[in-house]
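*Asks:* My questions all concern the structure below.
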Amino acid sequence: MKTAVRAGLTALALALAGTTLLAAPADAATIKQVTSTCHDGDFGGTFTLRYETSGGYHRPIGAITTSGPYIGDSGTRLMRISYREGVTTRTIYTRLSAATNGEQAEAFPTGLTIPMTARGTASTTFDSGTATCTATVPIS
């Protein structure tokens with residue numbers, strides 16, 4: 001009862017202040033962010049994935065990677081997003097790119113979906129030419 005009274009008083013105070021309190025729609029997307037790091041000696045990487053969940057699916061939005069040290073322009077970054085449903089594994093995104101010291105942003109194409117009933121993972125393998133490590137995050 002106290003909670004209902006408090007909620008009513010809060011709504012009344014907001015209304016008097018000219019502010020409207022709206023409830024989120026039942027099917028509103030939830031944004032999640034997961035991060036993983038990896039190391040091989042002095043070389044290391046950090047992988048952060050952002051994705052939204054709605055309508056029974058997870059949808060990757062973007063990622064940020066940070067890695068180094070690289071010597072010169074050597075090095076690659078392999079990003080992969082996949083999910084396992086039953087005994088089948090499906091890869092929905094793969095991208096190999098040149099890596100440099102510092103931070104890189106990755107935007108994903110629209111249409112990438114992972115069923116909420118599946119087990120999803122995203123990983124980035126950082127390779128400096130002499131050291132390699134992989135950072136993996138769950139999508140759930």
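Just remember, in the structure tokens the first chain shown is A, the second B, etc., residues are 1-based per chain, and ligands are 1-based in the order shown.
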Counting only C-alpha atoms, what is within 10 Å of Ala98 of chain A, bar same-chain residues fewer than 3 positions away, as a PyMOL selection string?

*Replies:* chain A and resi 73-78+126-128

*Asks:* Output N, CA and C atoms for every residue in the selection just made, as a PDB file, in the first residue's frame.

*Replies:*
```
ATOM      1  N   ASP A  73      52.154  -0.951 -39.112  1.00  0.00           N
ATOM      2  CA  ASP A  73      50.781  -1.195 -39.547  1.00  0.00           C
ATOM      3  C   ASP A  73      50.432  -2.678 -39.536  1.00  0.00           C
ATOM      4  N   SER A  74      51.224  -3.493 -38.845  1.00  0.00           N
ATOM      5  CA  SER A  74      50.942  -4.925 -38.826  1.00  0.00           C
ATOM      6  C   SER A  74      49.749  -5.209 -37.926  1.00  0.00           C
ATOM      7  N   GLY A  75      49.102  -6.293 -38.177  1.00  0.00           N
ATOM      8  CA  GLY A  75      48.023  -6.725 -37.314  1.00  0.00           C
ATOM      9  C   GLY A  75      46.687  -6.813 -38.001  1.00  0.00           C
ATOM     10  N   THR A  76      45.850  -7.703 -37.474  1.00  0.00           N
ATOM     11  CA  THR A  76      44.494  -7.875 -37.987  1.00  0.00           C
ATOM     12  C   THR A  76      43.533  -8.027 -36.815  1.00  0.00           C
ATOM     13  N   ARG A  77      42.272  -7.848 -37.148  1.00  0.00           N
ATOM     14  CA  ARG A  77      41.189  -7.997 -36.185  1.00  0.00           C
ATOM     15  C   ARG A  77      40.089  -8.784 -36.881  1.00  0.00           C
ATOM     16  N   LEU A  78      39.737  -9.939 -36.338  1.00  0.00           N
ATOM     17  CA  LEU A  78      38.677 -10.766 -36.907  1.00  0.00           C
ATOM     18  C   LEU A  78      37.509 -10.785 -35.938  1.00  0.00           C
ATOM     19  N   PHE A 126      42.365 -10.710 -31.977  1.00  0.00           N
ATOM     20  CA  PHE A 126      43.354  -9.674 -32.246  1.00  0.00           C
ATOM     21  C   PHE A 126      44.673 -10.364 -32.548  1.00  0.00           C
ATOM     22  N   ASP A 127      45.312  -9.997 -33.650  1.00  0.00           N
ATOM     23  CA  ASP A 127      46.587 -10.613 -34.039  1.00  0.00           C
ATOM     24  C   ASP A 127      47.574  -9.503 -34.379  1.00  0.00           C
ATOM     25  N   SER A 128      48.670  -9.438 -33.629  1.00  0.00           N
ATOM     26  CA  SER A 128      49.668  -8.390 -33.865  1.00  0.00           C
ATOM     27  C   SER A 128      50.737  -8.826 -34.853  1.00  0.00           C
TER      28      SER A 128
END
```

*Asks:* Leaving out Asp42 of chain A and any residue of its chain fewer than 3 positions from it, which residues lie within 9 Å of it when counting only C-alpha atoms, given as a ChimeraX atom specification?

*Replies:* /A:39,68-69,131

*Asks:* Mind giving me the straight-line distance from atom CA of Ile71 of chain A to atom CA of Thr125 of chain A in Å, one decimal?

*Replies:*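 Going from atom CA of Ile71 of chain A over to atom CA of Thr125 of chain A, I get 17.1 Å.
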
*Asks:* Restricting the calculation to only C-alpha atoms, which member of A:Met79, A:Pro60, A:Cys38, A:Thr89 is positioned closest to Thr110 of chain A?

*Replies:* A:Pro60

*Asks:* As a list in words, please: the residues near Ser54 of chain A (cut-off 10 Å, only C-alpha atoms, same-chain neighbours under 4 positions excluded).

*Replies:* Ala26, Asp27, Ala28, Ala29, Thr30, Ile31, His58, Arg59, Pro115 and Met116 of chain A

*Asks:* Determine the nearest neighbour of Leu49 of chain A from the options A:Gly62, A:Thr37, A:Leu96, A:Gly102, counting only C-alpha atoms.

*Replies:*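 So, comparing all the options, the nearest one is A:Gly62.
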
*Asks:* If you measure from atom CA of Ala118 of chain A to atom CA of Tyr57 of chain A, what distance in Å do you get, rounded to one decimal?

*Replies:*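 According to the coordinates, atom CA of Ala118 of chain A and atom CA of Tyr57 of chain A are separated by 9.3 Å.
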
*Asks:* For a test of reading the model, state the distance in Å between atom CA of Ser123 of chain A and atom CA of Phe47 of chain A, rounded to one decimal.

*Replies:* 7.7 Å

*Asks:* Smallest atom-to-atom distance to Val87 of chain A: which of A:Thr136, A:Arg119, A:Ala63, A:Ile114, using only C-alpha atoms?

*Replies:* A:Arg119

*Asks:* Counting only C-alpha atoms, which residue out of A:Gly120, A:Ser97, A:Thr66, A:Gln33 sits closest to Ser140 of chain A?

*Replies:*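 Comparing A:Gly120, A:Ser97, A:Thr66, A:Gln33 against Ser140 of chain A, the winner is A:Gly120.
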
*Asks:* Out of segment 37-140 of chain A, which residues get strand (DSSP E or B) from DSSP, as an MDAnalysis selection string?

*Replies:* chainID A and resid 37:40 43:54 57:68 76:85 88:98 102:107 114:115 119:127 132:139

*Asks:* Could you check the closest approach to Ile139 of chain A for each of A:Glu106, A:Glu85, A:Thr94, A:Lys32 and tell me which residue wins, using only C-alpha atoms?

*Replies:*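 Result for the nearest residue to Ile139 of chain A: A:Lys32.
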
*Asks:* Quick one: residues within 9 Å of Pro109 of chain A, only C-alpha atoms counted, chain neighbours fewer than 2 positions away excluded, as a PyMOL selection string?

*Replies:* chain A and resi 60-61+107+111-112
